[in-house]
file model_38.cif (mmCIF, N, CA and C atoms and all ligand atoms)
data_entry
loop_
_atom_site.label_atom_id
_atom_site.label_comp_id
_atom_site.auth_asym_id
_atom_site.auth_seq_id
_atom_site.Cartn_x
_atom_site.Cartn_y
_atom_site.Cartn_z
N MET A 1 110.28 103.95 74.28
CA MET A 1 110.48 104.86 75.42
C MET A 1 111.28 104.13 76.51
N ASP A 2 112.33 104.77 77.06
CA ASP A 2 113.10 104.03 78.06
C ASP A 2 112.38 104.07 79.41
N THR A 3 112.81 103.16 80.27
CA THR A 3 112.09 102.93 81.53
C THR A 3 111.91 104.20 82.36
N VAL A 4 112.99 104.98 82.52
CA VAL A 4 112.91 106.14 83.41
C VAL A 4 111.89 107.15 82.88
N SER A 5 111.86 107.36 81.56
CA SER A 5 110.93 108.38 81.03
C SER A 5 109.47 107.95 81.16
N LYS A 6 109.23 106.66 81.34
CA LYS A 6 107.85 106.21 81.56
C LYS A 6 107.31 106.71 82.90
N PHE A 7 108.25 107.09 83.78
CA PHE A 7 107.83 107.56 85.10
C PHE A 7 107.82 109.09 85.20
N LEU A 8 107.95 109.75 84.04
CA LEU A 8 107.96 111.21 84.03
C LEU A 8 106.61 111.78 84.48
N THR A 9 105.52 111.28 83.87
CA THR A 9 104.19 111.80 84.24
C THR A 9 103.86 111.49 85.71
N PRO A 10 103.99 110.23 86.17
CA PRO A 10 103.74 110.00 87.60
C PRO A 10 104.65 110.85 88.48
N GLY A 11 105.90 111.08 88.01
CA GLY A 11 106.84 111.89 88.80
C GLY A 11 106.37 113.32 88.94
N ILE A 12 105.84 113.88 87.84
CA ILE A 12 105.35 115.27 87.89
C ILE A 12 104.13 115.35 88.81
N VAL A 13 103.23 114.36 88.70
CA VAL A 13 102.03 114.37 89.55
C VAL A 13 102.44 114.18 91.03
N PHE A 14 103.50 113.40 91.26
CA PHE A 14 104.03 113.21 92.62
C PHE A 14 104.55 114.55 93.16
N LEU A 15 105.27 115.30 92.31
CA LEU A 15 105.77 116.61 92.75
C LEU A 15 104.62 117.56 93.07
N LEU A 16 103.54 117.49 92.26
CA LEU A 16 102.34 118.30 92.54
C LEU A 16 101.75 117.93 93.89
N THR A 17 101.73 116.62 94.16
CA THR A 17 101.22 116.13 95.45
C THR A 17 102.04 116.72 96.60
N LEU A 18 103.37 116.70 96.43
CA LEU A 18 104.25 117.26 97.47
C LEU A 18 103.96 118.75 97.67
N GLY A 19 103.86 119.46 96.55
CA GLY A 19 103.62 120.91 96.60
C GLY A 19 102.31 121.22 97.32
N PHE A 20 101.25 120.51 96.94
CA PHE A 20 99.95 120.79 97.58
C PHE A 20 99.94 120.32 99.03
N GLY A 21 100.72 119.25 99.33
CA GLY A 21 100.82 118.79 100.72
C GLY A 21 101.44 119.87 101.60
N LEU A 22 102.53 120.47 101.08
CA LEU A 22 103.21 121.51 101.86
C LEU A 22 102.31 122.74 102.01
N TRP A 23 101.63 123.09 100.93
CA TRP A 23 100.72 124.25 100.94
C TRP A 23 99.60 124.01 101.96
N LEU A 24 99.03 122.79 101.90
CA LEU A 24 97.95 122.40 102.82
C LEU A 24 98.43 122.52 104.27
N SER A 25 99.65 122.04 104.48
CA SER A 25 100.22 122.06 105.81
C SER A 25 100.44 123.50 106.29
N LEU A 26 100.99 124.34 105.39
CA LEU A 26 101.26 125.73 105.76
C LEU A 26 99.97 126.51 106.00
N ALA A 27 98.91 126.16 105.25
CA ALA A 27 97.64 126.87 105.41
C ALA A 27 96.99 126.54 106.75
N GLY A 28 97.42 125.42 107.37
CA GLY A 28 96.98 125.10 108.73
C GLY A 28 95.59 124.50 108.79
N ARG A 29 95.22 124.19 110.05
CA ARG A 29 93.91 123.57 110.28
C ARG A 29 92.92 124.62 110.78
N PRO A 30 91.61 124.47 110.55
CA PRO A 30 90.98 123.41 109.75
C PRO A 30 91.45 123.47 108.30
N TYR A 31 91.58 122.29 107.69
CA TYR A 31 92.16 122.24 106.36
C TYR A 31 91.29 122.93 105.32
N ASN A 32 91.97 123.62 104.40
CA ASN A 32 91.29 124.20 103.25
C ASN A 32 90.79 123.04 102.38
N GLY A 33 89.48 122.98 102.16
CA GLY A 33 88.87 121.85 101.44
C GLY A 33 89.44 121.66 100.04
N LEU A 34 89.64 122.76 99.34
CA LEU A 34 90.13 122.65 97.95
C LEU A 34 91.55 122.09 97.94
N LEU A 35 92.42 122.66 98.81
CA LEU A 35 93.81 122.18 98.86
C LEU A 35 93.85 120.71 99.27
N PHE A 36 93.01 120.35 100.24
CA PHE A 36 92.98 118.97 100.73
C PHE A 36 92.60 118.02 99.59
N ASN A 37 91.54 118.41 98.85
CA ASN A 37 91.07 117.50 97.78
C ASN A 37 92.06 117.42 96.63
N VAL A 38 92.67 118.55 96.27
CA VAL A 38 93.66 118.51 95.18
C VAL A 38 94.84 117.64 95.61
N HIS A 39 95.28 117.80 96.87
CA HIS A 39 96.40 117.00 97.38
C HIS A 39 96.06 115.50 97.34
N LYS A 40 94.86 115.17 97.82
CA LYS A 40 94.44 113.77 97.89
C LYS A 40 94.29 113.17 96.49
N LEU A 41 93.66 113.92 95.58
CA LEU A 41 93.44 113.38 94.24
C LEU A 41 94.75 113.29 93.45
N ALA A 42 95.65 114.27 93.66
CA ALA A 42 96.96 114.19 92.99
C ALA A 42 97.70 112.96 93.50
N ALA A 43 97.61 112.70 94.81
CA ALA A 43 98.27 111.51 95.38
C ALA A 43 97.71 110.25 94.74
N LEU A 44 96.39 110.19 94.63
CA LEU A 44 95.74 109.01 94.03
C LEU A 44 96.19 108.86 92.57
N GLY A 45 96.24 109.98 91.85
CA GLY A 45 96.66 109.95 90.45
C GLY A 45 98.09 109.45 90.31
N ALA A 46 98.99 109.96 91.16
CA ALA A 46 100.40 109.57 91.09
C ALA A 46 100.54 108.07 91.35
N VAL A 47 99.80 107.59 92.35
CA VAL A 47 99.88 106.16 92.70
C VAL A 47 99.36 105.30 91.55
N ILE A 48 98.24 105.69 90.97
CA ILE A 48 97.66 104.90 89.87
C ILE A 48 98.60 104.91 88.66
N LEU A 49 99.10 106.10 88.29
CA LEU A 49 99.97 106.20 87.11
C LEU A 49 101.26 105.40 87.31
N ALA A 50 101.85 105.52 88.51
CA ALA A 50 103.09 104.77 88.77
C ALA A 50 102.80 103.28 88.82
N GLY A 51 101.67 102.92 89.43
CA GLY A 51 101.30 101.51 89.54
C GLY A 51 101.13 100.86 88.17
N ILE A 52 100.50 101.58 87.25
CA ILE A 52 100.29 101.04 85.89
C ILE A 52 101.65 100.75 85.24
N GLN A 53 102.59 101.69 85.38
CA GLN A 53 103.90 101.51 84.74
C GLN A 53 104.68 100.36 85.39
N VAL A 54 104.66 100.32 86.73
CA VAL A 54 105.40 99.25 87.42
C VAL A 54 104.82 97.90 87.03
N TYR A 55 103.49 97.82 87.02
CA TYR A 55 102.83 96.55 86.68
C TYR A 55 103.22 96.12 85.27
N ALA A 56 103.16 97.05 84.32
CA ALA A 56 103.46 96.71 82.93
C ALA A 56 104.91 96.24 82.79
N LEU A 57 105.83 96.91 83.51
CA LEU A 57 107.25 96.55 83.39
C LEU A 57 107.58 95.25 84.11
N MET A 58 106.81 94.95 85.16
CA MET A 58 107.11 93.74 85.94
C MET A 58 106.48 92.50 85.33
N LYS A 59 105.45 92.73 84.50
CA LYS A 59 104.75 91.58 83.91
C LYS A 59 105.74 90.73 83.12
N GLY A 60 105.71 89.46 83.36
CA GLY A 60 106.61 88.57 82.61
C GLY A 60 107.93 88.33 83.31
N LEU A 61 108.29 89.19 84.29
CA LEU A 61 109.53 88.96 85.04
C LEU A 61 109.26 87.93 86.12
N SER A 62 110.22 87.04 86.34
CA SER A 62 110.02 86.09 87.44
C SER A 62 110.28 86.84 88.75
N PRO A 63 109.62 86.43 89.86
CA PRO A 63 109.77 87.14 91.13
C PRO A 63 111.25 87.22 91.54
N GLN A 64 111.70 88.40 91.94
CA GLN A 64 113.09 88.53 92.36
C GLN A 64 113.19 89.35 93.64
N GLY A 65 114.17 88.96 94.47
CA GLY A 65 114.31 89.46 95.83
C GLY A 65 114.11 90.94 96.05
N TRP A 66 115.05 91.75 95.58
CA TRP A 66 115.01 93.18 95.88
C TRP A 66 113.79 93.87 95.30
N LEU A 67 113.44 93.46 94.09
CA LEU A 67 112.30 94.09 93.43
C LEU A 67 111.02 93.81 94.22
N THR A 68 110.87 92.58 94.66
CA THR A 68 109.68 92.22 95.44
C THR A 68 109.68 92.97 96.78
N ALA A 69 110.85 92.99 97.44
CA ALA A 69 110.93 93.64 98.75
C ALA A 69 110.60 95.13 98.63
N LEU A 70 111.16 95.79 97.61
CA LEU A 70 110.92 97.23 97.44
C LEU A 70 109.47 97.50 97.07
N THR A 71 108.86 96.59 96.30
CA THR A 71 107.46 96.78 95.93
C THR A 71 106.57 96.66 97.17
N VAL A 72 106.88 95.69 98.03
CA VAL A 72 106.10 95.55 99.27
C VAL A 72 106.24 96.82 100.12
N ILE A 73 107.48 97.34 100.23
CA ILE A 73 107.70 98.57 101.02
C ILE A 73 106.92 99.73 100.42
N ALA A 74 106.97 99.85 99.07
CA ALA A 74 106.28 100.97 98.41
C ALA A 74 104.77 100.89 98.65
N VAL A 75 104.20 99.68 98.56
CA VAL A 75 102.75 99.53 98.77
C VAL A 75 102.40 99.87 100.23
N LEU A 76 103.22 99.40 101.17
CA LEU A 76 102.96 99.69 102.59
C LEU A 76 103.02 101.20 102.86
N CYS A 77 104.00 101.87 102.21
CA CYS A 77 104.13 103.33 102.41
C CYS A 77 102.92 104.07 101.84
N VAL A 78 102.43 103.62 100.69
CA VAL A 78 101.25 104.26 100.10
C VAL A 78 100.06 104.10 101.06
N LEU A 79 99.90 102.87 101.59
CA LEU A 79 98.80 102.64 102.53
C LEU A 79 98.95 103.54 103.76
N ALA A 80 100.21 103.66 104.25
CA ALA A 80 100.45 104.50 105.43
C ALA A 80 100.14 105.97 105.12
N LEU A 81 100.52 106.43 103.92
CA LEU A 81 100.26 107.83 103.54
C LEU A 81 98.76 108.10 103.46
N PHE A 82 98.02 107.17 102.84
CA PHE A 82 96.59 107.39 102.68
C PHE A 82 95.86 107.30 104.02
N ALA A 83 96.25 106.30 104.82
CA ALA A 83 95.57 106.14 106.11
C ALA A 83 95.87 107.32 107.04
N SER A 84 97.17 107.70 107.14
CA SER A 84 97.51 108.81 108.05
C SER A 84 96.87 110.11 107.56
N GLY A 85 96.85 110.30 106.22
CA GLY A 85 96.23 111.51 105.66
C GLY A 85 94.75 111.57 106.00
N ALA A 86 94.07 110.43 105.84
CA ALA A 86 92.64 110.38 106.13
C ALA A 86 92.39 110.65 107.62
N PHE A 87 93.22 110.03 108.48
CA PHE A 87 92.99 110.21 109.92
C PHE A 87 93.30 111.64 110.36
N MET A 88 94.29 112.28 109.70
CA MET A 88 94.56 113.69 110.05
C MET A 88 93.35 114.55 109.71
N SER A 89 92.70 114.22 108.57
CA SER A 89 91.58 115.06 108.17
C SER A 89 90.35 114.79 109.04
N ILE A 90 90.17 113.53 109.44
CA ILE A 90 89.00 113.23 110.30
C ILE A 90 89.27 113.75 111.72
N GLY A 91 90.55 113.63 112.13
CA GLY A 91 90.94 114.18 113.43
C GLY A 91 90.56 113.33 114.62
N ASN A 92 90.30 112.00 114.40
CA ASN A 92 89.90 111.18 115.54
C ASN A 92 91.05 110.37 116.15
N LEU A 93 92.26 110.47 115.55
CA LEU A 93 93.41 109.80 116.15
C LEU A 93 94.46 110.86 116.46
N ASN A 94 95.48 110.46 117.22
CA ASN A 94 96.52 111.40 117.61
C ASN A 94 97.13 112.09 116.39
N TYR A 95 96.90 113.41 116.30
CA TYR A 95 97.33 114.17 115.12
C TYR A 95 98.84 114.10 114.92
N GLN A 96 99.60 114.32 116.01
CA GLN A 96 101.06 114.37 115.88
C GLN A 96 101.62 113.02 115.40
N ALA A 97 101.02 111.92 115.90
CA ALA A 97 101.48 110.59 115.48
C ALA A 97 101.19 110.38 113.99
N MET A 98 100.00 110.81 113.54
CA MET A 98 99.63 110.64 112.13
C MET A 98 100.55 111.48 111.22
N LEU A 99 100.86 112.70 111.68
CA LEU A 99 101.74 113.57 110.88
C LEU A 99 103.13 112.95 110.79
N THR A 100 103.60 112.37 111.90
CA THR A 100 104.92 111.72 111.89
C THR A 100 104.92 110.55 110.90
N ILE A 101 103.85 109.75 110.92
CA ILE A 101 103.76 108.62 109.98
C ILE A 101 103.78 109.16 108.53
N HIS A 102 102.99 110.23 108.28
CA HIS A 102 102.93 110.83 106.93
C HIS A 102 104.33 111.29 106.51
N ARG A 103 105.07 111.87 107.44
CA ARG A 103 106.40 112.41 107.10
C ARG A 103 107.45 111.32 106.94
N ILE A 104 107.31 110.19 107.66
CA ILE A 104 108.29 109.10 107.53
C ILE A 104 108.01 108.28 106.28
N ALA A 105 106.71 108.03 106.00
CA ALA A 105 106.35 107.20 104.85
C ALA A 105 106.77 107.87 103.54
N LEU A 106 106.78 109.20 103.53
CA LEU A 106 107.09 109.92 102.30
C LEU A 106 108.50 109.65 101.75
N PRO A 107 109.58 109.89 102.54
CA PRO A 107 110.91 109.59 101.99
C PRO A 107 111.11 108.09 101.72
N LEU A 108 110.48 107.24 102.57
CA LEU A 108 110.62 105.80 102.33
C LEU A 108 109.99 105.41 101.00
N GLU A 109 108.83 106.02 100.72
CA GLU A 109 108.14 105.76 99.44
C GLU A 109 109.04 106.18 98.27
N PHE A 110 109.63 107.35 98.44
CA PHE A 110 110.48 107.90 97.39
C PHE A 110 111.68 106.97 97.13
N ILE A 111 112.33 106.53 98.21
CA ILE A 111 113.52 105.66 98.08
C ILE A 111 113.11 104.32 97.45
N ALA A 112 111.98 103.76 97.92
CA ALA A 112 111.54 102.46 97.37
C ALA A 112 111.24 102.60 95.88
N MET A 113 110.55 103.68 95.50
CA MET A 113 110.21 103.87 94.08
C MET A 113 111.47 104.07 93.24
N ALA A 114 112.43 104.86 93.77
CA ALA A 114 113.68 105.09 93.03
C ALA A 114 114.39 103.76 92.81
N GLY A 115 114.40 102.91 93.84
CA GLY A 115 115.03 101.58 93.72
C GLY A 115 114.32 100.72 92.70
N ILE A 116 112.99 100.72 92.73
CA ILE A 116 112.21 99.91 91.79
C ILE A 116 112.51 100.36 90.35
N ILE A 117 112.50 101.68 90.14
CA ILE A 117 112.74 102.19 88.78
C ILE A 117 114.16 101.84 88.32
N ALA A 118 115.13 101.97 89.23
CA ALA A 118 116.52 101.65 88.88
C ALA A 118 116.64 100.17 88.52
N LEU A 119 116.02 99.30 89.31
CA LEU A 119 116.10 97.86 89.03
C LEU A 119 115.41 97.52 87.71
N LEU A 120 114.23 98.11 87.49
CA LEU A 120 113.50 97.84 86.24
C LEU A 120 114.27 98.37 85.04
N ALA A 121 114.91 99.54 85.21
CA ALA A 121 115.68 100.11 84.11
C ALA A 121 116.86 99.20 83.76
N GLY A 122 117.49 98.64 84.80
CA GLY A 122 118.61 97.74 84.60
C GLY A 122 118.21 96.49 83.83
N LYS A 123 116.96 96.09 83.97
CA LYS A 123 116.51 94.86 83.33
C LYS A 123 116.05 95.07 81.90
N THR A 124 115.64 96.32 81.60
CA THR A 124 115.01 96.50 80.28
C THR A 124 115.84 97.36 79.33
N LEU A 125 116.94 97.96 79.83
CA LEU A 125 117.72 98.83 78.94
C LEU A 125 118.45 98.03 77.87
C1 LIG B 1 101.57 109.83 97.54
C2 LIG B 1 100.86 110.21 98.59
C3 LIG B 1 101.10 111.44 99.43
C4 LIG B 1 102.21 112.23 99.55
C5 LIG B 1 103.54 112.08 98.84
C6 LIG B 1 101.90 113.27 100.51
C7 LIG B 1 102.76 114.28 100.90
C8 LIG B 1 102.48 115.26 101.83
C9 LIG B 1 103.39 116.29 102.26
C10 LIG B 1 104.80 116.50 101.75
C11 LIG B 1 102.76 117.02 103.21
C12 LIG B 1 103.34 118.19 104.02
C13 LIG B 1 103.79 117.58 105.34
C14 LIG B 1 104.59 118.51 106.22
O1 LIG B 1 104.12 119.56 106.61
O2 LIG B 1 105.74 118.14 106.55
C15 LIG B 1 101.43 116.48 103.37
C16 LIG B 1 100.49 116.96 104.23
C17 LIG B 1 99.22 116.45 104.36
N1 LIG B 1 98.69 115.40 103.66
FE1 LIG B 1 99.63 114.24 102.31
N2 LIG B 1 100.62 113.09 100.95
C18 LIG B 1 100.10 112.00 100.31
C19 LIG B 1 98.84 111.49 100.44
C20 LIG B 1 97.84 112.04 101.19
C21 LIG B 1 96.47 111.58 101.25
C22 LIG B 1 95.93 110.44 100.38
C23 LIG B 1 95.83 112.35 102.13
C24 LIG B 1 94.40 112.33 102.57
C25 LIG B 1 93.61 111.28 102.53
C26 LIG B 1 96.77 113.31 102.67
C27 LIG B 1 96.50 114.25 103.63
C28 LIG B 1 97.40 115.20 104.09
C29 LIG B 1 97.08 116.18 105.12
C30 LIG B 1 95.76 116.32 105.86
C31 LIG B 1 98.23 116.98 105.27
C32 LIG B 1 98.41 118.20 106.22
C33 LIG B 1 99.19 117.77 107.46
C34 LIG B 1 99.38 118.93 108.44
O3 LIG B 1 98.47 119.17 109.23
O4 LIG B 1 100.45 119.55 108.40
N3 LIG B 1 98.01 113.10 102.06
N4 LIG B 1 101.29 115.40 102.53
#

call {"tool": "encode", "arguments": {"input": "model_38.cif", "output": "structure tokens"}}
result
Amino acid sequence: MDTVSKFLTPGIVFLLTLGFGLWLSLAGRPYNGLLFNVHKLAALGAVILAGIQVYALMKGLSPQGWLTALTVIAVLCVLALFASGAFMSIGNLNYQAMLTIHRIALPLEFIAMAGIIALLAGKTL
């Protein structure tokens, strides 16, 4: 199986996460519990599935600049997405600031992951 197709399942689960995130957002607050949980669990699933593939493909490679930098960015974005999502649902921190973090971390995560996959594909094709 080539590198890009290994990310098909995490990619589909990521798209589901986006879809449920938008739906959750459109449904407004207080959040619909079912939409919130599906969004959160889909996010967790996408992260775990992508993490397993990245780990397997990186194993055995010596540390390299761009790949390491993009992986650090991707991990930080995931942490930002989970933390801002949790704080939005608890509602004890500035909502607008948390939503902005959620919206900025998302495209950054996407770009970092695309870069990681492109670099890994270049190494294993
Ligand atoms: C890979 C991880 C994630 C992605 C890609 C993602 C993506 C999204 C997207 C696209 C939206 C719609 C934002 C908008 O209206 O512009 C959203 C909303 C939301 N997400 Fe996530 N999300 C992720 C993880 C999480 C997690 C782990 C939680 C909870 C712990 C969470 C909680 C929320 C909440 C509460 C909203 C509604 C925000 C609002 O009030 O409009 N998200 N997410």

call {"tool": "closest_residue", "arguments": {"input": "model_38.cif", "among": "A:Leu61, A:Ala80, A:Val54, A:Val72", "to": "ligand LIG 1 (chain B)", "atoms": "only C-alpha atoms and all ligand atoms"}}
result
A:Ala80

call {"tool": "atom_distance", "arguments": {"input": "model_38.cif", "atom1": "atom CA of Gly122 of chain A", "atom2": "atom CA of Thr3 of chain A"}}
result
8.9 Å

call {"tool": "closest_residue", "arguments": {"input": "model_38.cif", "among": "A:Leu67, A:Ser62, A:Leu35, A:Met88", "to": "ligand LIG 1 (chain B)", "atoms": "only C-alpha atoms and all ligand atoms"}}
result
A:Met88

call {"tool": "residues_near_ligand", "arguments": {"input": "model_38.cif", "ligand": "ligand LIG 1 (chain B)", "cutoff": "8 Å", "atoms": "only C-alpha atoms and all ligand atoms", "output": "NGL selection string"}}
result
:A and (14-15 or 17-26 or 28-29 or 31 or 36-37 or 39-44 or 46-47 or 78 or 81-89 or 95 or 99 or 102-103 or 106 or 109)

call {"tool": "select_by_dssp", "arguments": {"input": "model_38.cif", "residues": "segment 15-109 of chain A", "states": "alpha helix (DSSP H)", "output": "JSON, numbers by chain"}}
result
{"A": [15, 16, 17, 18, 19, 20, 21, 22, 23, 24, 25, 26, 27, 33, 34, 35, 36, 37, 38, 39, 40, 41, 42, 43, 44, 45, 46, 47, 48, 49, 50, 51, 52, 53, 54, 55, 56, 57, 58, 65, 66, 67, 68, 69, 70, 71, 72, 73, 74, 75, 76, 77, 78, 79, 80, 81, 82, 83, 84, 85, 86, 87, 88, 89, 90, 95, 96, 97, 98, 99, 100, 101, 102, 103, 104, 105, 106, 107, 108, 109]}

call {"tool": "atom_distance", "arguments": {"input": "model_38.cif", "atom1": "atom C of Ala74 of chain A", "atom2": "atom CA of Lys123 of chain A"}}
result
20.2 Å

call {"tool": "closest_residue", "arguments": {"input": "model_38.cif", "among": "A:Leu70, A:Leu49, A:Ile90, A:Leu76", "to": "Ile116 of chain A", "atoms": "all atoms listed in the file"}}
result
A:Leu70

call {"tool": "atom_distance", "arguments": {"input": "model_38.cif", "atom1": "atom N of Ala105 of chain A", "atom2": "atom C of Leu93 of chain A"}}
result
16.4 Å

call {"tool": "axis_aligned_box", "arguments": {"input": "model_38.cif", "around": "segment 43-49 of chain A", "padding_each_side": "5 Å", "output": "JSON"}}
result
{"center_x": 98.5, "center_y": 108.8, "center_z": 91.2, "size_x": 15.5, "size_y": 17.8, "size_z": 18.3}

call {"tool": "decode", "arguments": {"input": "model_38.cif", "residues": "segment 12-29 of chain A", "atoms": "N, CA and C atoms", "output": "PDB file, in the first residue's frame"}}
result
ATOM      1  N   ILE A  12     -10.742  10.239   6.088  1.00  0.00           N
ATOM      2  CA  ILE A  12     -12.214  10.200   6.076  1.00  0.00           C
ATOM      3  C   ILE A  12     -12.754  10.557   7.469  1.00  0.00           C
ATOM      4  N   VAL A  13     -12.112  10.005   8.512  1.00  0.00           N
ATOM      5  CA  VAL A  13     -12.565  10.301   9.879  1.00  0.00           C
ATOM      6  C   VAL A  13     -12.333  11.793  10.195  1.00  0.00           C
ATOM      7  N   PHE A  14     -11.258  12.366   9.638  1.00  0.00           N
ATOM      8  CA  PHE A  14     -10.983  13.798   9.802  1.00  0.00           C
ATOM      9  C   PHE A  14     -12.101  14.624   9.146  1.00  0.00           C
ATOM     10  N   LEU A  15     -12.527  14.202   7.937  1.00  0.00           N
ATOM     11  CA  LEU A  15     -13.617  14.914   7.259  1.00  0.00           C
ATOM     12  C   LEU A  15     -14.913  14.831   8.071  1.00  0.00           C
ATOM     13  N   LEU A  16     -15.154  13.644   8.681  1.00  0.00           N
ATOM     14  CA  LEU A  16     -16.335  13.494   9.549  1.00  0.00           C
ATOM     15  C   LEU A  16     -16.252  14.457  10.732  1.00  0.00           C
ATOM     16  N   THR A  17     -15.039  14.577  11.282  1.00  0.00           N
ATOM     17  CA  THR A  17     -14.823  15.507  12.406  1.00  0.00           C
ATOM     18  C   THR A  17     -15.175  16.937  11.985  1.00  0.00           C
ATOM     19  N   LEU A  18     -14.706  17.314  10.782  1.00  0.00           N
ATOM     20  CA  LEU A  18     -15.004  18.664  10.271  1.00  0.00           C
ATOM     21  C   LEU A  18     -16.507  18.855  10.118  1.00  0.00           C
ATOM     22  N   GLY A  19     -17.145  17.855   9.515  1.00  0.00           N
ATOM     23  CA  GLY A  19     -18.597  17.934   9.273  1.00  0.00           C
ATOM     24  C   GLY A  19     -19.360  18.094  10.578  1.00  0.00           C
ATOM     25  N   PHE A  20     -19.030  17.256  11.565  1.00  0.00           N
ATOM     26  CA  PHE A  20     -19.753  17.338  12.837  1.00  0.00           C
ATOM     27  C   PHE A  20     -19.394  18.620  13.596  1.00  0.00           C
ATOM     28  N   GLY A  21     -18.148  19.108  13.401  1.00  0.00           N
ATOM     29  CA  GLY A  21     -17.760  20.374  14.032  1.00  0.00           C
ATOM     30  C   GLY A  21     -18.620  21.519  13.504  1.00  0.00           C
ATOM     31  N   LEU A  22     -18.792  21.541  12.167  1.00  0.00           N
ATOM     32  CA  LEU A  22     -19.599  22.610  11.568  1.00  0.00           C
ATOM     33  C   LEU A  22     -21.062  22.493  12.002  1.00  0.00           C
ATOM     34  N   TRP A  23     -21.553  21.270  12.026  1.00  0.00           N
ATOM     35  CA  TRP A  23     -22.946  21.016  12.427  1.00  0.00           C
ATOM     36  C   TRP A  23     -23.148  21.470  13.879  1.00  0.00           C
ATOM     37  N   LEU A  24     -22.190  21.076  14.739  1.00  0.00           N
ATOM     38  CA  LEU A  24     -22.237  21.450  16.162  1.00  0.00           C
ATOM     39  C   LEU A  24     -22.273  22.973  16.305  1.00  0.00           C
ATOM     40  N   SER A  25     -21.422  23.615  15.501  1.00  0.00           N
ATOM     41  CA  SER A  25     -21.330  25.064  15.551  1.00  0.00           C
ATOM     42  C   SER A  25     -22.643  25.713  15.095  1.00  0.00           C
ATOM     43  N   LEU A  26     -23.196  25.186  13.983  1.00  0.00           N
ATOM     44  CA  LEU A  26     -24.438  25.749  13.450  1.00  0.00           C
ATOM     45  C   LEU A  26     -25.611  25.520  14.398  1.00  0.00           C
ATOM     46  N   ALA A  27     -25.589  24.381  15.110  1.00  0.00           N
ATOM     47  CA  ALA A  27     -26.692  24.067  16.029  1.00  0.00           C
ATOM     48  C   ALA A  27     -26.677  25.002  17.237  1.00  0.00           C
ATOM     49  N   GLY A  28     -25.514  25.641  17.484  1.00  0.00           N
ATOM     50  CA  GLY A  28     -25.428  26.677  18.515  1.00  0.00           C
ATOM     51  C   GLY A  28     -25.331  26.126  19.924  1.00  0.00           C
ATOM     52  N   ARG A  29     -25.233  27.093  20.858  1.00  0.00           N
ATOM     53  CA  ARG A  29     -25.103  26.727  22.270  1.00  0.00           C
ATOM     54  C   ARG A  29     -26.446  26.874  22.974  1.00  0.00           C
TER      55      ARG A  29
END
